[in-house]
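Novice: If it helps, the file is called upload_8.cif and holds mmCIF, C-alpha atoms:
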```cif
data_upload
loop_
_atom_site.label_atom_id
_atom_site.label_comp_id
_atom_site.auth_asym_id
_atom_site.auth_seq_id
_atom_site.Cartn_x
_atom_site.Cartn_y
_atom_site.Cartn_z
CA MET K 1425 -34.34 -51.19 -221.75
CA SER K 1426 -35.81 -54.66 -222.30
CA MET K 1427 -35.95 -57.27 -219.58
CA SER K 1428 -34.26 -60.64 -219.83
CA PRO K 1429 -36.48 -63.77 -220.06
CA VAL K 1430 -35.59 -64.65 -216.46
CA ASN K 1431 -36.63 -61.22 -215.20
CA LYS K 1432 -39.85 -61.44 -217.20
CA MET K 1433 -40.65 -64.81 -215.66
CA GLN K 1434 -39.99 -63.48 -212.15
CA TRP K 1435 -42.22 -60.49 -212.85
CA LEU K 1436 -45.01 -62.72 -214.21
CA ILE K 1437 -44.84 -65.01 -211.16
CA ARG K 1438 -45.04 -62.00 -208.83
CA ARG K 1439 -48.03 -60.80 -210.83
CA GLU K 1440 -49.78 -64.16 -210.35
CA LEU K 1441 -49.07 -64.12 -206.63
CA TRP K 1442 -50.43 -60.59 -206.36
CA GLU K 1443 -53.60 -61.43 -208.31
CA HIS K 1444 -54.25 -64.68 -206.40
CA LYS K 1445 -52.74 -63.88 -203.03
CA GLY K 1446 -56.02 -64.70 -201.28
CA MET K 1447 -55.98 -68.31 -202.48
CA LEU K 1448 -52.24 -68.90 -202.71
CA LEU K 1449 -50.99 -67.03 -199.63
CA TRP K 1450 -53.74 -66.16 -197.17
CA THR K 1451 -55.77 -69.36 -197.38
CA PRO K 1452 -52.87 -71.70 -196.47
CA ALA K 1453 -51.90 -69.33 -193.66
CA LEU K 1454 -55.46 -69.24 -192.29
CA ILE K 1455 -55.80 -73.03 -192.52
CA GLY K 1456 -52.52 -73.40 -190.62
CA ILE K 1457 -53.64 -70.98 -187.92
CA ALA K 1458 -57.02 -72.73 -187.62
CA MET K 1459 -55.30 -76.12 -187.33
CA THR K 1460 -52.98 -74.77 -184.63
CA LEU K 1461 -55.85 -73.33 -182.60
CA LEU K 1462 -57.84 -76.54 -182.99
CA GLY K 1463 -54.78 -78.53 -181.95
CA VAL K 1464 -54.45 -76.39 -178.82
CA LEU K 1465 -58.07 -76.97 -177.83
CA MET K 1466 -57.95 -80.71 -178.52
CA THR K 1467 -54.65 -81.19 -176.70
CA VAL K 1468 -55.73 -79.25 -173.64
CA ALA K 1469 -59.08 -81.07 -173.54
CA THR K 1470 -57.44 -84.49 -173.90
CA ILE K 1471 -54.76 -83.84 -171.28
CA ALA K 1472 -57.31 -82.38 -168.88
CA LYS K 1473 -59.54 -85.41 -169.34
CA THR K 1474 -56.77 -87.97 -168.82
CA LYS K 1475 -55.35 -86.06 -165.90
CA VAL K 1476 -58.55 -86.65 -163.97
CA ARG K 1477 -58.27 -90.37 -164.58
CA THR K 1478 -55.54 -92.51 -163.09
CA ALA K 1479 -53.47 -94.76 -165.33
CA LEU K 1480 -53.79 -97.73 -162.99
CA VAL K 1481 -54.13 -98.68 -159.32
CA VAL K 1482 -51.29 -100.55 -157.57
CA ASN K 1483 -51.88 -101.85 -154.03
CA GLY K 1484 -54.73 -99.45 -153.62
CA GLN K 1485 -52.68 -96.44 -154.71
CA GLU K 1486 -53.48 -94.45 -157.81
CA VAL K 1487 -50.62 -94.08 -160.29
CA SER K 1488 -50.76 -91.16 -162.70
CA TRP K 1489 -49.78 -91.19 -166.35
CA SER K 1490 -46.85 -88.86 -165.68
CA ALA K 1491 -45.46 -91.23 -163.05
CA ILE K 1492 -45.54 -94.13 -165.49
CA PHE K 1493 -44.09 -92.14 -168.37
CA ASN K 1494 -41.14 -90.95 -166.24
CA THR K 1495 -40.15 -94.36 -164.80
CA ARG K 1496 -36.94 -96.07 -165.89
CA THR K 1497 -38.71 -99.26 -166.91
CA PHE K 1498 -40.82 -97.25 -169.36
CA SER K 1499 -37.74 -95.50 -170.78
CA PRO K 1500 -37.37 -97.66 -173.96
CA ARG K 1501 -41.04 -97.26 -174.77
CA ARG K 1502 -40.80 -93.53 -174.02
CA ALA K 1503 -37.86 -93.15 -176.45
CA GLU K 1504 -39.80 -95.05 -179.12
CA ILE K 1505 -42.86 -92.83 -178.73
CA ILE K 1506 -40.78 -89.64 -178.85
CA GLY K 1507 -38.90 -90.92 -181.91
CA ASN K 1508 -42.14 -91.71 -183.74
CA VAL K 1509 -43.51 -88.26 -182.95
CA ALA K 1510 -40.31 -86.56 -184.15
CA ASN K 1511 -40.17 -88.58 -187.37
CA ASN K 1512 -43.85 -88.37 -188.30
CA TYR K 1513 -45.11 -85.07 -186.92
CA THR K 1514 -45.33 -83.48 -190.38
CA TYR K 1515 -48.25 -85.83 -191.15
CA ALA K 1516 -50.32 -83.70 -188.79
CA ALA K 1517 -50.53 -81.13 -191.59
CA ALA K 1518 -52.35 -83.53 -193.93
CA PRO K 1519 -55.36 -81.15 -194.30
CA LEU K 1520 -53.04 -78.53 -195.78
CA PHE K 1521 -51.62 -80.98 -198.29
CA LEU K 1522 -55.13 -82.02 -199.27
CA ALA K 1523 -56.08 -78.36 -199.67
CA LEU K 1524 -53.11 -77.93 -202.02
CA GLY K 1525 -54.83 -80.23 -204.50
CA PHE K 1526 -57.89 -77.98 -204.58
CA PHE K 1527 -55.83 -74.78 -204.75
CA VAL K 1528 -53.86 -75.96 -207.78
CA PHE K 1529 -56.91 -77.48 -209.49
CA PHE K 1530 -59.08 -74.37 -209.38
CA TYR K 1531 -56.17 -72.01 -210.01
CA CYS K 1532 -55.29 -73.81 -213.26
CA LEU K 1533 -58.94 -74.04 -214.23
CA SER K 1534 -59.36 -70.27 -214.13
CA ALA K 1535 -55.82 -69.15 -214.97
CA LEU K 1536 -56.32 -68.55 -218.71
CA TYR K 1537 -60.12 -68.50 -218.88
CA ASP K 1538 -60.64 -65.58 -216.49
CA GLU K 1539 -58.30 -63.23 -218.34
CA ARG K 1540 -60.27 -63.84 -221.55
CA ARG K 1541 -63.61 -63.44 -219.79
CA ASP K 1542 -62.77 -60.02 -218.29
CA ARG K 1543 -60.73 -59.04 -221.39
CA SER K 1544 -57.64 -58.31 -219.30
CA VAL K 1545 -55.79 -60.54 -221.77
CA LEU K 1546 -55.76 -57.58 -224.18
CA PHE K 1547 -53.78 -55.53 -221.68
CA TRP K 1548 -51.30 -58.31 -220.93
CA LYS K 1549 -50.82 -58.98 -224.65
CA SER K 1550 -49.90 -55.33 -225.14
CA LEU K 1551 -46.85 -55.89 -222.93
CA PRO K 1552 -43.60 -57.39 -224.26
CA VAL K 1553 -44.46 -60.81 -222.86
CA SER K 1554 -45.03 -63.86 -225.05
CA ASP K 1555 -47.84 -66.40 -224.73
CA ALA K 1556 -45.29 -69.06 -223.81
CA GLN K 1557 -43.93 -66.99 -220.92
CA THR K 1558 -47.43 -66.25 -219.66
CA VAL K 1559 -48.60 -69.87 -219.70
CA LEU K 1560 -45.31 -71.17 -218.28
CA SER K 1561 -45.52 -68.68 -215.41
CA LYS K 1562 -48.95 -70.03 -214.53
CA ALA K 1563 -47.64 -73.60 -214.74
CA ALA K 1564 -44.75 -72.60 -212.47
CA ILE K 1565 -47.21 -71.23 -209.91
CA ALA K 1566 -49.17 -74.49 -209.94
CA LEU K 1567 -46.22 -76.89 -209.93
CA LEU K 1568 -43.59 -75.05 -207.88
CA VAL K 1569 -44.68 -71.88 -206.10
CA ALA K 1570 -48.00 -73.05 -204.61
CA PRO K 1571 -46.50 -76.37 -203.35
CA LEU K 1572 -43.58 -74.46 -201.81
CA ILE K 1573 -45.96 -72.10 -199.99
CA VAL K 1574 -48.12 -74.96 -198.70
CA ALA K 1575 -45.06 -77.01 -197.70
CA ALA K 1576 -43.74 -74.06 -195.69
CA ALA K 1577 -47.13 -73.50 -194.03
CA ALA K 1578 -47.46 -77.23 -193.30
CA SER K 1579 -43.98 -77.43 -191.76
CA LEU K 1580 -44.61 -74.42 -189.50
CA THR K 1581 -48.05 -75.72 -188.50
CA SER K 1582 -46.71 -79.20 -187.69
CA LEU K 1583 -43.85 -77.76 -185.67
CA ALA K 1584 -46.24 -75.49 -183.75
CA LEU K 1585 -48.48 -78.47 -182.91
CA VAL K 1586 -45.51 -80.46 -181.61
CA LEU K 1587 -44.32 -77.55 -179.47
CA ILE K 1588 -47.81 -77.05 -178.09
CA LEU K 1589 -48.09 -80.76 -177.29
CA SER K 1590 -44.74 -80.78 -175.49
CA GLY K 1591 -45.72 -77.64 -173.56
CA VAL K 1592 -49.02 -79.11 -172.39
CA LEU K 1593 -47.30 -82.37 -171.42
CA ALA K 1594 -44.69 -80.42 -169.45
CA ALA K 1595 -47.47 -78.66 -167.57
CA ASN K 1596 -48.70 -82.11 -166.54
CA GLY K 1597 -45.32 -83.41 -165.40
CA ILE K 1598 -44.20 -85.15 -168.61
CA HIS K 1599 -41.09 -83.40 -169.95
CA VAL K 1600 -40.20 -84.43 -173.50
CA PHE K 1601 -39.04 -81.16 -175.08
CA ALA K 1602 -35.30 -81.81 -174.60
CA GLU K 1603 -35.57 -85.28 -176.13
CA LEU K 1604 -37.64 -83.99 -179.02
CA ALA K 1605 -35.18 -81.17 -179.67
CA SER K 1606 -32.28 -83.64 -179.78
CA SER K 1607 -34.03 -85.97 -182.23
CA PRO K 1608 -32.80 -85.66 -185.86
CA GLY K 1609 -36.31 -86.41 -187.12
CA LEU K 1610 -37.56 -83.07 -185.83
CA TYR K 1611 -35.30 -81.26 -188.29
CA LEU K 1612 -35.40 -83.79 -191.13
CA GLY K 1613 -39.21 -83.81 -191.28
CA PRO K 1614 -39.58 -80.47 -193.12
CA LEU K 1615 -36.64 -81.35 -195.38
CA ARG K 1616 -38.44 -84.55 -196.42
CA VAL K 1617 -41.56 -82.54 -197.22
CA PHE K 1618 -39.63 -80.15 -199.46
CA GLY K 1619 -37.71 -83.11 -200.90
CA LEU K 1620 -40.95 -84.57 -202.25
CA LEU K 1621 -41.74 -81.47 -204.34
CA PRO K 1622 -40.04 -82.80 -207.51
CA VAL K 1623 -42.09 -86.00 -207.22
CA TYR K 1624 -45.27 -83.97 -206.80
CA CYS K 1625 -44.36 -81.77 -209.76
CA LEU K 1626 -43.97 -84.72 -212.15
CA TRP K 1627 -47.13 -86.53 -211.04
CA ALA K 1628 -49.21 -83.32 -211.09
CA LEU K 1629 -48.00 -82.27 -214.54
CA PRO K 1630 -50.73 -84.13 -216.53
CA THR K 1631 -53.53 -82.56 -214.48
CA VAL K 1632 -51.99 -79.10 -214.66
CA GLY K 1633 -51.49 -79.46 -218.43
CA TRP K 1634 -55.05 -80.66 -218.97
CA LEU K 1635 -56.61 -77.88 -216.90
CA LEU K 1636 -54.50 -75.15 -218.52
CA MET K 1637 -55.37 -76.47 -221.98
CA VAL K 1638 -59.10 -76.48 -221.18
CA SER K 1639 -58.82 -73.05 -219.54
CA SER K 1640 -57.16 -71.73 -222.68
CA TRP K 1641 -59.72 -73.28 -225.04
CA ALA K 1642 -63.17 -73.22 -223.38
CA LYS K 1643 -65.38 -70.22 -224.14
CA SER K 1644 -67.70 -70.92 -221.20
CA LYS K 1645 -68.51 -73.53 -218.56
CA VAL K 1646 -64.84 -74.34 -218.15
CA PHE K 1647 -65.46 -76.58 -215.12
CA LEU K 1648 -67.94 -78.75 -217.02
CA TRP K 1649 -65.51 -79.18 -219.89
CA ALA K 1650 -62.57 -80.00 -217.62
CA VAL K 1651 -64.45 -82.53 -215.49
CA GLY K 1652 -67.20 -83.63 -217.85
CA VAL K 1653 -64.98 -84.85 -220.68
CA PRO K 1654 -62.90 -87.21 -218.47
CA LEU K 1655 -66.07 -88.49 -216.80
CA LEU K 1656 -67.65 -89.13 -220.19
CA VAL K 1657 -64.54 -91.04 -221.26
CA LEU K 1658 -64.74 -92.97 -217.99
CA ILE K 1659 -68.31 -94.05 -218.76
CA LEU K 1660 -67.32 -95.06 -222.28
CA THR K 1661 -64.35 -97.12 -221.06
CA VAL K 1662 -66.54 -98.94 -218.53
CA TRP K 1663 -69.03 -99.72 -221.30
CA VAL K 1664 -66.27 -100.93 -223.64
CA GLY K 1665 -64.74 -103.02 -220.86
CA LYS K 1666 -68.05 -104.78 -220.25
CA LEU K 1667 -68.46 -105.51 -223.95
CA THR K 1668 -64.92 -106.69 -224.68
CA LEU K 1669 -64.18 -108.31 -221.29
CA THR K 1670 -60.87 -106.43 -221.07
CA GLU K 1671 -61.45 -104.83 -217.71
CA GLY K 1672 -57.79 -105.13 -216.69
CA ASP K 1673 -56.59 -102.88 -219.51
CA ILE K 1674 -59.58 -100.59 -219.04
CA ASN K 1675 -58.78 -100.16 -215.34
CA TRP K 1676 -55.25 -99.07 -216.24
CA ILE K 1677 -56.63 -96.47 -218.65
CA GLN K 1678 -59.14 -95.25 -216.08
CA MET K 1679 -56.47 -94.68 -213.42
CA ASN K 1680 -53.49 -93.52 -215.50
CA VAL K 1681 -55.34 -91.44 -218.07
CA ILE K 1682 -58.66 -90.29 -216.64
CA GLY K 1683 -57.57 -90.32 -213.01
CA ARG K 1684 -54.38 -88.40 -213.70
CA ALA K 1685 -56.32 -85.78 -215.64
CA LEU K 1686 -58.36 -84.93 -212.53
CA LEU K 1687 -56.56 -86.14 -209.39
CA GLY K 1688 -52.87 -85.48 -210.06
CA THR K 1689 -52.78 -82.25 -208.04
CA ILE K 1690 -53.46 -84.14 -204.79
CA PRO K 1691 -50.16 -84.89 -202.99
CA GLY K 1692 -49.58 -88.62 -202.76
CA SER K 1693 -51.85 -89.33 -205.72
CA TRP K 1694 -49.13 -91.62 -207.12
CA TYR K 1695 -50.29 -94.21 -204.58
CA LEU K 1696 -53.72 -94.12 -206.22
CA PHE K 1697 -52.35 -94.50 -209.72
CA GLU K 1698 -49.76 -97.17 -208.84
CA PRO K 1699 -51.14 -99.27 -205.93
CA GLN K 1700 -48.11 -101.59 -206.05
CA LEU K 1701 -46.16 -98.82 -204.31
CA LEU K 1702 -48.14 -99.51 -201.14
CA SER K 1703 -47.00 -103.13 -201.10
CA GLN K 1704 -43.42 -101.96 -200.55
CA VAL K 1705 -44.23 -100.10 -197.34
CA PRO K 1706 -44.66 -103.15 -195.04
CA ALA K 1707 -41.37 -104.60 -196.28
CA LEU K 1708 -39.55 -101.43 -195.33
CA ALA K 1709 -41.46 -101.07 -192.08
CA GLN K 1710 -40.10 -104.39 -190.83
CA GLU K 1711 -36.83 -102.59 -190.12
CA SER K 1712 -37.38 -99.87 -187.54
CA GLN K 1713 -34.45 -97.85 -188.86
CA LEU K 1714 -36.16 -97.45 -192.21
CA THR K 1715 -39.71 -96.84 -191.02
CA ARG K 1716 -39.42 -93.07 -191.08
CA PHE K 1717 -38.17 -93.13 -194.67
CA ASP K 1718 -41.10 -95.16 -196.04
CA LEU K 1719 -43.07 -92.32 -197.55
CA PHE K 1720 -40.03 -90.44 -198.78
CA SER K 1721 -38.21 -93.36 -200.42
CA ASN K 1722 -41.45 -94.92 -201.70
CA SER K 1723 -42.47 -91.68 -203.37
CA TRP K 1724 -39.12 -91.25 -205.08
CA SER K 1725 -39.18 -94.87 -206.21
CA SER K 1726 -42.41 -94.08 -208.09
CA LEU K 1727 -40.31 -92.13 -210.59
CA ALA K 1728 -38.88 -95.44 -211.78
CA LEU K 1729 -42.30 -96.30 -213.22
CA PRO K 1730 -42.87 -95.54 -216.93
CA ALA K 1731 -46.33 -94.11 -216.13
CA ALA K 1732 -44.74 -91.20 -214.27
CA TRP K 1733 -42.72 -90.06 -217.26
CA LEU K 1734 -45.36 -90.82 -219.87
CA GLY K 1735 -47.81 -88.69 -217.92
CA ALA K 1736 -45.24 -85.91 -217.54
CA ALA K 1737 -44.63 -85.92 -221.30
CA ALA K 1738 -48.39 -85.76 -221.92
CA GLY K 1739 -48.67 -82.88 -219.45
CA ALA K 1740 -45.87 -80.97 -221.18
CA ALA K 1741 -47.59 -81.52 -224.54
CA MET K 1742 -50.87 -80.15 -223.18
CA ILE K 1743 -49.10 -77.08 -221.78
CA TYR K 1744 -47.66 -76.50 -225.26
CA ALA K 1745 -51.19 -76.87 -226.65
CA ALA K 1746 -52.41 -74.28 -224.11
CA ILE K 1747 -49.77 -71.84 -225.40
CA ARG K 1748 -50.88 -72.36 -229.00
CA LEU K 1749 -54.57 -72.11 -228.09
CA ARG K 1750 -54.03 -68.85 -226.21
CA ARG K 1751 -52.38 -67.38 -229.29
CA TRP K 1752 -55.06 -68.74 -231.63
CA ARG K 1753 -58.04 -67.65 -229.50
CA GLU K 1754 -57.06 -64.00 -229.56
CA ALA K 1755 -55.92 -64.05 -233.17
CA SER K 1756 -59.33 -65.35 -234.24
#
```
Would you write the structure of this file as structure tokens?
Specialist:
Amino acid sequence: MSMSPVNKMQWLIRRELWEHKGMLLWTPALIGIAMTLLGVLMTVATIAKTKVRTALVVNGQEVSWSAIFNTRTFSPRRAEIIGNVANNYTYAAAPLFLALGFFVFFYCLSALYDERRDRSVLFWKSLPVSDAQTVLSKAAIALLVAPLIVAAAASLTSLALVLILSGVLAANGIHVFAELASSPGLYLGPLRVFGLLPVYCLWALPTVGWLLMVSSWAKSKVFLWAVGVPLLVLILTVWVGKLTLTEGDINWIQMNVIGRALLGTIPGSWYLFEPQLLSQVPALAQESQLTRFDLFSNSWSSLALPAAWLGAAAGAAMIYAAIRLRRWREAS
């Protein structure tokens, strides 16, 4: 009994997760655990250090930080601090998001090359699975599955760090857990992270397509081909820009063509490719009610730029080329 295309794709994705579970599953989990342990040590050390010191001296009497933080006059400032923590605590997992860029980059780089190098491609081609399904399953891992895993690990790590911080503060007389738990930002934070996955997918598509195409084509030294060709083009564009005095156009090519071929897998890379997005953040930040939505709304607004969709189309074309190259390499 033959499997449906959907079942085949699910099976292929499970196969990729099984073959690369060390990089795709265990590494994000270990980074999250290491960040949590480091956060515990840093928080305890900081609180212990500030507990020894007094916040200020009034009429010869020492006033502790907990006394100041729990006063009524400090209440508005206290609510503002707690609100900022609740709305922005997911940023604490930035190392995991940065690691995602490296995971996806090196996964795509080896996805099709390794199976040719160890000849396992002959076994997989003996199964009733097409080249298109195989390549698309690898693209799905890079663009959807790996970001979902890292987003889940980042959300859990960020939440653990906030809970640890509130626990250590409570041990020192500053009780903020109830206020944190009642803040909508605590629950919306992970939803915003997952809500940015479509934006990440579109901006990462050119890099994923380029790496899969090189991985499908290169016979050896796949890293040098994937990185060396864009760097060579970069040198040539700089040289042409100096000769023709068209550095403005050359800079656009460098960022939106060469940069997106190598850096698109890094979350937030759209701010590198389109710096004008950053100019919108201060305007939004002037209104405190919108501050927490800056990154989310700014990132989605990047999809209104033609460069996002042109790059996505180029990435899709390169994935198609990777499918054709995989078929041609083994046929020849």
Novice: K:Tyr1531, K:Trp1649, K:Tyr1695, K:Tyr1513: which is nearest Leu1604 of chain K, counting only C-alpha atoms?
Specialist: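 Smallest separation from Leu1604 of chain K among the options: K:Tyr1513.
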Novice: I'd like the contact shell of Leu1620 of chain K - 10 Å cut-off, all atoms listed in the file, skipping same-chain residues fewer than 5 positions apart - returned as a list in words.
Specialist: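 Counting only the stated atoms, we get Pro1571, Ala1575, Leu1615, Cys1625, Pro1691, Gly1692, Leu1719, Phe1720, Ser1721, Ser1723 and Trp1724 of chain K.
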Novice: Enter the distance from atom CA of Leu1462 of chain K to atom CA of Ala1595 of chain K, in Å, rounded to one decimal.
Specialist: 18.7 Å
Novice: Starting from the shown file, work through the PyMOL selection byres ((chain K and resi 1585-1593) around 8) and note down what comes out as a PyMOL selection string.
Specialist: chain K and resi 1460+1463-1464+1467-1468+1471+1513+1581-1584+1594-1601
Novice: Just give me the gap between atom CA of Ser1644 of chain K and atom CA of Val1681 of chain K in Å, one decimal is fine.
Specialist: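 If I compute the distance from atom CA of Ser1644 of chain K to atom CA of Val1681 of chain K, I get 24.2 Å.
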Novice: What does the structure give for the distance between atom CA of Trp1442 of chain K and atom CA of Ile1565 of chain K, in Å to one decimal?
Specialist: 11.7 Å
Novice: Could you tell me which residues the PyMOL selection byres ((chain K and resi 1736) around 12) returns for this structure, as a compact mmCIF listing (two decimals) with C-alpha atoms, in the frame of the given file?
Specialist:
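Printed below is expr-v4.txt as written:
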```
# COMPACT_ATOMS: atom_id res chain seq x y z
CA LEU K 1567 -46.22 -76.89 -209.93
CA PRO K 1622 -40.04 -82.80 -207.51
CA VAL K 1623 -42.09 -86.00 -207.22
CA TYR K 1624 -45.27 -83.97 -206.80
CA CYS K 1625 -44.36 -81.77 -209.76
CA LEU K 1626 -43.97 -84.72 -212.15
CA TRP K 1627 -47.13 -86.53 -211.04
CA ALA K 1628 -49.21 -83.32 -211.09
CA LEU K 1629 -48.00 -82.27 -214.54
CA PRO K 1630 -50.73 -84.13 -216.53
CA THR K 1631 -53.53 -82.56 -214.48
CA VAL K 1632 -51.99 -79.10 -214.66
CA GLY K 1633 -51.49 -79.46 -218.43
CA TRP K 1634 -55.05 -80.66 -218.97
CA ASN K 1680 -53.49 -93.52 -215.50
CA VAL K 1681 -55.34 -91.44 -218.07
CA ARG K 1684 -54.38 -88.40 -213.70
CA ALA K 1685 -56.32 -85.78 -215.64
CA GLY K 1688 -52.87 -85.48 -210.06
CA LEU K 1727 -40.31 -92.13 -210.59
CA LEU K 1729 -42.30 -96.30 -213.22
CA PRO K 1730 -42.87 -95.54 -216.93
CA ALA K 1731 -46.33 -94.11 -216.13
CA ALA K 1732 -44.74 -91.20 -214.27
CA TRP K 1733 -42.72 -90.06 -217.26
CA LEU K 1734 -45.36 -90.82 -219.87
CA GLY K 1735 -47.81 -88.69 -217.92
CA ALA K 1737 -44.63 -85.92 -221.30
CA ALA K 1738 -48.39 -85.76 -221.92
CA GLY K 1739 -48.67 -82.88 -219.45
CA ALA K 1740 -45.87 -80.97 -221.18
CA ALA K 1741 -47.59 -81.52 -224.54
CA MET K 1742 -50.87 -80.15 -223.18
CA ILE K 1743 -49.10 -77.08 -221.78
```
Novice: Could you check which residues have any atom within 12 Å of (-67.4, -76.0, -214.5), counting all atoms listed in the file with coordinates taken straight from the file, and then list them as a short mmCIF file (atom, residue, chain, number, x, y, z; two decimals) with C-alpha atoms, in the coordinates of the input?
Specialist:
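Saved the output as point-v7.cif:
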```cif
data_model
loop_
_atom_site.label_atom_id
_atom_site.label_comp_id
_atom_site.auth_asym_id
_atom_site.auth_seq_id
_atom_site.Cartn_x
_atom_site.Cartn_y
_atom_site.Cartn_z
CA PHE K 1529 -56.91 -77.48 -209.49
CA PHE K 1530 -59.08 -74.37 -209.38
CA LEU K 1533 -58.94 -74.04 -214.23
CA SER K 1534 -59.36 -70.27 -214.13
CA TYR K 1537 -60.12 -68.50 -218.88
CA LEU K 1635 -56.61 -77.88 -216.90
CA VAL K 1638 -59.10 -76.48 -221.18
CA SER K 1639 -58.82 -73.05 -219.54
CA ALA K 1642 -63.17 -73.22 -223.38
CA LYS K 1643 -65.38 -70.22 -224.14
CA SER K 1644 -67.70 -70.92 -221.20
CA LYS K 1645 -68.51 -73.53 -218.56
CA VAL K 1646 -64.84 -74.34 -218.15
CA PHE K 1647 -65.46 -76.58 -215.12
CA LEU K 1648 -67.94 -78.75 -217.02
CA TRP K 1649 -65.51 -79.18 -219.89
CA ALA K 1650 -62.57 -80.00 -217.62
CA VAL K 1651 -64.45 -82.53 -215.49
CA GLY K 1652 -67.20 -83.63 -217.85
CA VAL K 1653 -64.98 -84.85 -220.68
#
```
Novice: Gln1557 of chain K: which residues within 9 Å, counting only C-alpha atoms, same-chain residues fewer than 5 positions away excluded, as a PyMOL selection string?
Specialist: chain K and resi 1429+1432-1433+1436+1562+1747
Novice: Given only C-alpha atoms as the basis, pick out the residue of K:Ala1510, K:Leu1696, K:Leu1522, K:Val1528 nearest to Ala1570 of chain K.
Specialist: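 Selected residue with least distance to Ala1570 of chain K: K:Val1528.
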Novice: Take the PyMOL selection byres ((chain K and resi 1559) around 9), apply it to the structure above, and return the hits as a ChimeraX atom specification.
Specialist: /K:1535-1536,1554-1558,1560-1564,1636,1743-1744,1746-1747,1750
Novice: Using only C-alpha atoms for the distances, tell me which of K:Gly1507, K:Gly1446, K:Gly1456, K:Gly1683 is nearest to Ser1579 of chain K.
Specialist: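 Of all the options, K:Gly1456 lies closest to Ser1579 of chain K.
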Novice: Of the residues K:Cys1532, K:Arg1501, K:Arg1541, K:Ala1517, which is the one nearest to Ala1576 of chain K, using all atoms listed in the file?
Specialist: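 Result for the nearest residue to Ala1576 of chain K: K:Ala1517.
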Novice: Atoms are missing here; could segment 1521-1532 of chain K be completed with N, CA, C and O atoms and written as a PDB file, in the coordinates of the input?
Specialist:
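Result file selection.pdb:
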```
ATOM      1  N   PHE K1521     -52.035 -80.330-197.052  1.00  0.00           N
ATOM      2  CA  PHE K1521     -51.620 -80.980-198.290  1.00  0.00           C
ATOM      3  C   PHE K1521     -52.828 -81.323-199.156  1.00  0.00           C
ATOM      4  O   PHE K1521     -52.764 -81.229-200.380  1.00  0.00           O
ATOM      5  N   LEU K1522     -53.912 -81.737-198.521  1.00  0.00           N
ATOM      6  CA  LEU K1522     -55.130 -82.020-199.270  1.00  0.00           C
ATOM      7  C   LEU K1522     -55.677 -80.735-199.896  1.00  0.00           C
ATOM      8  O   LEU K1522     -56.138 -80.734-201.046  1.00  0.00           O
ATOM      9  N   ALA K1523     -55.613 -79.639-199.134  1.00  0.00           N
ATOM     10  CA  ALA K1523     -56.080 -78.360-199.670  1.00  0.00           C
ATOM     11  C   ALA K1523     -55.241 -77.919-200.863  1.00  0.00           C
ATOM     12  O   ALA K1523     -55.766 -77.258-201.780  1.00  0.00           O
ATOM     13  N   LEU K1524     -53.967 -78.281-200.885  1.00  0.00           N
ATOM     14  CA  LEU K1524     -53.110 -77.930-202.020  1.00  0.00           C
ATOM     15  C   LEU K1524     -53.694 -78.453-203.324  1.00  0.00           C
ATOM     16  O   LEU K1524     -53.651 -77.769-204.355  1.00  0.00           O
ATOM     17  N   GLY K1525     -54.230 -79.667-203.297  1.00  0.00           N
ATOM     18  CA  GLY K1525     -54.830 -80.230-204.500  1.00  0.00           C
ATOM     19  C   GLY K1525     -55.950 -79.372-205.041  1.00  0.00           C
ATOM     20  O   GLY K1525     -56.056 -79.158-206.266  1.00  0.00           O
ATOM     21  N   PHE K1526     -56.782 -78.838-204.147  1.00  0.00           N
ATOM     22  CA  PHE K1526     -57.890 -77.980-204.580  1.00  0.00           C
ATOM     23  C   PHE K1526     -57.383 -76.620-205.044  1.00  0.00           C
ATOM     24  O   PHE K1526     -57.901 -76.060-206.018  1.00  0.00           O
ATOM     25  N   PHE K1527     -56.381 -76.066-204.342  1.00  0.00           N
ATOM     26  CA  PHE K1527     -55.830 -74.780-204.750  1.00  0.00           C
ATOM     27  C   PHE K1527     -55.325 -74.844-206.195  1.00  0.00           C
ATOM     28  O   PHE K1527     -55.674 -74.017-207.037  1.00  0.00           O
ATOM     29  N   VAL K1528     -54.484 -75.841-206.459  1.00  0.00           N
ATOM     30  CA  VAL K1528     -53.860 -75.960-207.780  1.00  0.00           C
ATOM     31  C   VAL K1528     -54.918 -76.254-208.841  1.00  0.00           C
ATOM     32  O   VAL K1528     -54.876 -75.694-209.947  1.00  0.00           O
ATOM     33  N   PHE K1529     -55.878 -77.114-208.511  1.00  0.00           N
ATOM     34  CA  PHE K1529     -56.910 -77.480-209.490  1.00  0.00           C
ATOM     35  C   PHE K1529     -57.695 -76.248-209.941  1.00  0.00           C
ATOM     36  O   PHE K1529     -57.810 -75.977-211.141  1.00  0.00           O
ATOM     37  N   PHE K1530     -58.228 -75.491-209.008  1.00  0.00           N
ATOM     38  CA  PHE K1530     -59.080 -74.370-209.380  1.00  0.00           C
ATOM     39  C   PHE K1530     -58.270 -73.181-209.892  1.00  0.00           C
ATOM     40  O   PHE K1530     -58.774 -72.385-210.691  1.00  0.00           O
ATOM     41  N   TYR K1531     -57.022 -73.067-209.454  1.00  0.00           N
ATOM     42  CA  TYR K1531     -56.170 -72.010-210.010  1.00  0.00           C
ATOM     43  C   TYR K1531     -55.933 -72.261-211.502  1.00  0.00           C
ATOM     44  O   TYR K1531     -56.086 -71.353-212.331  1.00  0.00           O
ATOM     45  N   CYS K1532     -55.540 -73.485-211.853  1.00  0.00           N
ATOM     46  CA  CYS K1532     -55.290 -73.810-213.260  1.00  0.00           C
ATOM     47  C   CYS K1532     -56.557 -73.692-214.086  1.00  0.00           C
ATOM     48  O   CYS K1532     -56.512 -73.263-215.246  1.00  0.00           O
TER      49      CYS K1532
END
```
